Structures are given as structure tokens and as C-alpha cells.
Amino acid sequence: TAAPVASSCGLICNGANGTAEHPDGQDGGWLMGNGGVGFAGGKGGNAGFFGGDGGKGGDGGDGGDGGAGGNAGMFGTGGEGGRGSDGVWDGAGDGGNAGNGGAGGTGGWFAGNGGKGGRGGDSADIDAFDDGISAGRAGNGGAGGDAVGVTGDGGAGGDGGDGGRGGYNANTSQGEPGGNGGDGGNGGAGGHGAFLNGSGGAGGDGGDGNYGGMGGNGSTGADGGFADPGNPGGAG
């Protein structure tokens with residue numbers, strides 16, 4: 001069993017980055033400090049009370065979602081959301097779905113910009129030639145973080161991931177269709193600007209869909225039978 005990690009690194013310090021045992025980034029110092037970076041989909045650490053930037057969320061692994069970015073302190077920028085993992089096709093059945101991007105952290109509670117949302121992952125290409133397997137869905141982009149203080153801009157939304165290629169169908173017995181290509185992910189919403197002075201963040205771009213696989217060839221027709229002989233003609 002892994003040893004526990006303190007929620008904060010101390011008084012004035014930067015939080016430790018996440019690890020395989022503790023994926024979330026550690027919070028910055030109680031007074032000041034940046035949050036640590038998340039690991040494999042872990043959340044970024046929050047900043048210290050009086051100032052510091054939120055930690056970046058960890059990128060997703062094995063089709064998982066990206067981690068949310070940490071929140072800033074009194075002054076600072078929210079952490080960027082982690083990127084969603086690309087899809088992983090297991091070689092059997094439809095699939096290869098990708099992870100969604102993590103949300104950006106909020107900006108400083110007095111002043112600061114929200115963090116950018118993470119990009120969605122790409123769904124897996126289907127490298128199969130006999131079943132017409134459809135590709136999975138791409139990940140959606142994460143929402144941008146809000147600017148929650150007096151001044152600051154909202155974070156931009158993350159872009160959606162791209163869809164994967166559908167599988168071919170080499171079944172020649174019936175000319176069956178190929179698999180569907182994967183849909184692109186939706187872009188994330190931009191964060192809200194600060195109430196007194198700030199602009200909202202731009203929304204993320206949607207991902208590109210992909211093309212379906214080629215259908216199989218039709219089978220060869222059966223041999224025709226012999227024709228029956230005709231009846232003899234009548235008398236002249």
C-alpha cells in the first residue's frame with residue numbers, strides 16, 4: 001500500500017506532481033504556491049490561498065478521460081485540463097472509444113484567467129478486414145475554466161477529438177457493408193469571464209469524423225442448368 005500524501009506541500013511551496021500511486025497533483029502551499037500536475041487522468045492540484053496557478057490535469061490513459069485542472073489562488077491562472085486518451089481497439093467487436101478532455105480550473109478568486117479545457121482523444125482506427133467493424137466515438141473537449149474574480153478571461157474550451165476509420169469487410173459471400181467511421185467529438189464550452197472586467201473564453205472546435213470501411217465484393221453466381229430439348233415441329 002502506497003504511503004499517504006499530504007493535501008498541501010506546506011506554507012509556501014509548489015505541490016508535488018501526481019504519480020501512479022497518487023494520480024492527483026498535490027495542492028500548493030497554504031499561503032502561496034502552484035498546484036502539482038496530475039498523472040494519468042488525475043486532477044491538477046489547487047494553488048495556495050494568496051496566489052499561484054492551478055496544476056494541469058493529467059492526460060488520460062487507456063481510453064480514459066483527462067483530469068480537471070486545478071483552481072488558482074487569490075491571484076493566478078487555472079490549470080489546463082488534461083487531454084483525453086486516444087481510443088484503444090481490443091481487436092474484437094465495435095469500439096476504440098476515446099476519453100474526454102478535462103475541464104480547465106478556475107482563475108484567481110480576485111484576479112486571473114480560467115484554464116483551457118483539454119482536447120478530446122481520437123478514436124481508434126479499426127484495422128480489420130473481415131467483419132465490417134465500426135469505429136468508436138471520439139472524445140469531447142473539456143470546458144474552459146471560469147474567471148471567478150473581479151478581472152480575468154474565461155478559459156478556451158478544448159477541441160474535440162477526431163473519429164477513427166471504420167473497418168473493411170472482406171466477406172465475399174454476400175457483399176456485406178463496411179464498418180461506420182467514428183464521429184468527431186464536440187468542442188468544449190468556453191469559460192465565463194470575470195463579472196467586472198473580462199471576456200468569455202472561445203469554444204473549442206469539433207473534431208473531424210472519419211470514413212467508413214469498404215464493403216465486401218459480391219459472390220460469384222451459380223452455374224446455370226442445361227436447357228430442356230424443344231418439342232418437334234408440326235407437319236407441313
# chains A, B, ... in the order shown; residues from 1 in each chain; ligands from 1
call {"tool": "residues_around", "arguments": {"residues": "A:Asn113", "least_positions_apart": "5", "cutoff": "7 Å", "atoms": "only C-alpha atoms", "output": "ChimeraX atom specification"}}
result
/A:77-78,107-108,147,152-155
call {"tool": "atom_distance", "arguments": {"atom1": "atom CA of A:Gly82", "atom2": "atom CA of A:Asp208"}}
result
20.0 Å
call {"tool": "select_by_dssp", "arguments": {"residues": "stretch 14-157 of chain A", "states": "strand (DSSP E or B)", "output": "list in words"}}
result
Asp27, Met32, Gly51, Phe75, Gly95, Ala111, Asp130, Ala135 and Thr151 of chain A
call {"tool": "write_last_selection", "arguments": {"atoms": "C-alpha atoms", "output": "compact mmCIF listing (two decimals), in the first residue's frame"}}
result
# COMPACT_ATOMS: atom_id res chain seq x y z
CA ASP A 27 -2.04 21.38 -3.66
CA MET A 32 1.29 30.58 -1.82
CA GLY A 51 -1.54 33.21 -5.06
CA PHE A 75 -4.21 35.67 -7.98
CA GLY A 95 -15.13 0.05 -30.11
CA ALA A 111 -7.97 38.18 -10.44
CA ASP A 130 -13.21 -9.33 -42.48
CA ALA A 135 -15.09 2.71 -35.17
CA THR A 151 -10.99 40.70 -13.55
call {"tool": "atom_distance", "arguments": {"atom1": "atom CA of A:Asn210", "atom2": "atom CA of A:Gly187"}}
result
16.5 Å
call {"tool": "residues_around", "arguments": {"residues": "stretch 11-17 of chain A", "least_positions_apart": "3", "cutoff": "7 Å", "atoms": "only C-alpha atoms", "output": "JSON, numbers by chain"}}
result
{"A": [8, 25, 26, 27, 28, 29, 30, 31, 32, 33, 34, 35, 36, 37, 38, 45]}
call {"tool": "residues_around", "arguments": {"residues": "stretch 137-145 of chain A", "least_positions_apart": "3", "cutoff": "7 Å", "atoms": "only C-alpha atoms", "output": "ChimeraX atom specification"}}
result
/A:78,81,84,97-106,114-123,154-163,182-191,201,204
call {"tool": "atom_distance", "arguments": {"atom1": "atom CA of A:Thr19", "atom2": "atom CA of A:Gly76"}}
result
24.3 Å
call {"tool": "closest_residue", "arguments": {"among": "A:Asp62, A:Met74, A:Ala68, A:Gly206", "to": "A:Phe50", "atoms": "only C-alpha atoms"}}
result
A:Met74
call {"tool": "residues_around", "arguments": {"residues": "A:Gly61", "least_positions_apart": "6", "cutoff": "8 Å", "atoms": "only C-alpha atoms", "output": "list of chain:residue names"}}
result
A:Ala40, A:Gly41, A:Gly84, A:Ser85, A:Asp86
